[in-house]
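See below for the structure under consideration.
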Amino acid sequence: MAGHNKWSKIKRQKAATDAKRSKAWARITRDIMVAAREGGGDPGMNPRLALAVEKAKSENMPKDNIERAIKRGTGEIEGADYEEITYEGYAPHGVAVFVEALTDNTNRTVADLRALFSKAGGSLGQSGSVAFLFDRKSIFEIPAEGLDEMALFERVVEAGAEDLTEEDGAFVVTAPVERFGAVQEALEAAGIEPEEAGLQRIPTTTVTLDPEAARKVAALIEKIEEHPDVQAVYTTLNLDEATLEALS
């Protein structure tokens with residue numbers, strides 16, 4: 001988890017300085033639409049929608065845009081019909097890659113991703129080809145300042161969490177997917193606001209590469225992440241200190 005968390009921080013820092021806010025808004029809009037379509041338009045009754053709305057607010061998306069995305073998702077107003085889909089493949093040097101996407105044109109998306117993998121010397125695989133290398137978990141990252149670790153541990157475990165660790169001044173809570181809402185509610189009841197919360201795929205095994213090879217893999221991952229249909233990318237690249245230093 002440690003490397004994964006640091007990589008997450010690197011990406012957030014980069015996103016904070018990214019001038020292409022419209023791209024972030026487009027991705028969040030699609031996420032809101034799908035969440036509203038599947039779980040209803042009330043964030044209070046739909047944890048996934050609540051999370052998407054919080055992300056929208058953190059990106060300073062106007063309230064009208066958020067409400068319009070919810071209404072498109074519930075069918076109150078017309079909008080594109082987005083489908084959740086995942087893609088699996090291998091980057092160079094045997095690094096597994098799992099991609100989560102929202103698209104209104106699966107043929108376009110798969111063709112684009114296949115081209116990216118191929119150009120980088122990797123390959124897009126069949127469904128299930130790398131999924132077994134990742135565990136899907138609920139992850140909450142909470143600023144540690146002012147919090148008692150044992151009290152927080154007891155609170156989240158009671159809500160169904162599996163683990164709590166401290167990394168770089170933050171507590172990282174790991175829980176099963178089905179306990180996301182319960183842990184989120186427990187944190188809200190305690191007045192604790194996570195810095196990051198969501199469902200992530202955590203690699204069960206990793207591949208360690210030399211800095212140059214790691215940079216090539218990271219270049220492919222960055223290009224995949226830049227695709228407008230892509231919501232998240234997970235890999236088995238081992239993000240140890242040397243690798244993180246090379247990438248940063």
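Residues are named by chain letter and number: chains run A, B, ... in the order of the structure tokens, numbers start at 1 in each chain, and ligands are numbered from 1 in the order shown.
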
Q: For Val34 of chain A, list every protein, DNA or RNA residue within 9 Å, evaluated using only C-alpha atoms, and leave out those in the same chain fewer than 3 positions away; present the list as a ChimeraX atom specification.
A: /A:29-31,37-39,49,70,73-74,81-84,102

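Proximity to segment 103-115 of chain A at 9 Å, evaluated using only C-alpha atoms and with sequence-adjacent residues fewer than 3 positions away removed, yields Arg30, Ala80, Asp81, Tyr82, Glu83, Glu84, Ile85, Tyr87, Ser118, Lys119, Ala120, Gly122, Ser123, Leu124, Gly125, Ile224, His227, Pro228, Asp229 and Val230 of chain A.
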
Would you save the residues of that selection, restricted to C-alpha atoms, as a compact mmCIF listing (two decimals), in the first residue's frame?
# COMPACT_ATOMS: atom_id res chain seq x y z
CA ARG A 30 -19.71 10.89 -16.40
CA ALA A 80 -25.29 10.42 -23.55
CA ASP A 81 -25.64 6.84 -22.32
CA TYR A 82 -22.30 5.94 -20.72
CA GLU A 83 -21.25 2.38 -20.00
CA GLU A 84 -18.81 1.25 -17.32
CA ILE A 85 -16.21 -1.03 -18.82
CA TYR A 87 -9.75 -3.26 -19.94
CA SER A 118 0.87 -1.61 -28.90
CA LYS A 119 2.87 1.57 -29.56
CA ALA A 120 4.51 1.26 -26.14
CA GLY A 122 2.68 -3.79 -24.53
CA SER A 123 -0.53 -5.60 -25.36
CA LEU A 124 -4.21 -5.34 -24.54
CA GLY A 125 -5.50 -8.67 -23.25
CA ILE A 224 -3.71 5.88 -20.83
CA HIS A 227 -7.58 9.32 -22.52
CA PRO A 228 -10.91 11.10 -21.96
CA ASP A 229 -12.82 7.85 -21.38
CA VAL A 230 -10.41 6.52 -18.74

Q: Just list the residues in segment 53-213 of chain A DSSP gives strand (DSSP E or B) on the backbone, as a PyMOL selection string.
A: chain A and resi 83-90+96-103+123-124+134-143+163-167+170-176+196-203+207

Mind writing the picked residues with C-alpha atoms as a CSV table (one decimal), in the first residue's frame?
chain,number,residue,atom,x,y,z
A,83,GLU,CA,-21.3,2.4,-20.0
A,84,GLU,CA,-18.8,1.2,-17.3
A,85,ILE,CA,-16.2,-1.0,-18.8
A,86,THR,CA,-12.8,-2.4,-17.8
A,87,TYR,CA,-9.8,-3.3,-19.9
A,88,GLU,CA,-6.8,-5.4,-19.0
A,89,GLY,CA,-3.4,-5.8,-20.5
A,90,TYR,CA,0.4,-5.8,-20.0
A,96,ALA,CA,0.0,-5.8,-15.5
A,97,VAL,CA,-2.4,-2.9,-16.2
A,98,PHE,CA,-6.1,-2.7,-15.2
A,99,VAL,CA,-8.1,0.2,-16.7
A,100,GLU,CA,-11.5,1.4,-15.6
A,101,ALA,CA,-13.4,3.5,-18.2
A,102,LEU,CA,-16.8,5.2,-18.8
A,103,THR,CA,-17.6,5.4,-22.5
A,123,SER,CA,-0.5,-5.6,-25.4
A,124,LEU,CA,-4.2,-5.3,-24.5
A,134,PHE,CA,-5.7,-7.1,-8.0
A,135,ASP,CA,-7.9,-6.9,-5.0
A,136,ARG,CA,-10.7,-4.3,-5.1
A,137,LYS,CA,-10.9,-2.4,-1.8
A,138,SER,CA,-12.5,0.6,-0.2
A,139,ILE,CA,-9.7,3.1,0.6
A,140,PHE,CA,-9.9,6.2,2.8
A,141,GLU,CA,-6.9,8.5,3.2
A,142,ILE,CA,-7.3,10.8,6.3
A,143,PRO,CA,-4.9,13.5,7.5
A,163,ASP,CA,-6.8,-2.4,8.4
A,164,LEU,CA,-5.5,1.1,9.3
A,165,THR,CA,-1.9,2.2,8.5
A,166,GLU,CA,-0.1,5.5,8.8
A,167,GLU,CA,1.8,6.7,5.7
A,170,ALA,CA,-2.0,10.3,6.7
A,171,PHE,CA,-4.0,7.3,8.0
A,172,VAL,CA,-5.0,4.9,5.3
A,173,VAL,CA,-8.1,2.8,6.0
A,174,THR,CA,-8.7,-0.4,4.0
A,175,ALA,CA,-12.1,-2.0,3.9
A,176,PRO,CA,-14.1,-4.5,1.8
A,196,GLU,CA,-9.3,10.8,-0.5
A,197,ALA,CA,-12.0,8.1,-0.5
A,198,GLY,CA,-13.0,5.6,-3.1
A,199,LEU,CA,-12.8,2.1,-4.5
A,200,GLN,CA,-9.3,1.1,-5.7
A,201,ARG,CA,-7.7,-2.0,-7.0
A,202,ILE,CA,-4.6,-3.0,-5.0
A,203,PRO,CA,-2.0,-5.3,-6.6
A,207,VAL,CA,7.1,-6.1,-10.5

(Q) as a PyMOL selection string, please: every residue in segment 32-161 of chain A that a backbone DSSP assignment puts in helix (DSSP H, G or I). (A) chain A and resi 32-39+43-45+47-58+63-74+92-94+106-119+131-133+149-158

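The two atoms in question, atom CA of Glu158 of chain A and atom CA of Pro43 of chain A, are spaced 23.4 Å apart.
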
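A straight line drawn from atom CA of Gly169 of chain A to atom CA of Ala151 of chain A is 16.6 Å long.
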
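Interatomic distance, atom CA of Leu152 of chain A to atom CA of Ala190 of chain A: 9.2 Å.
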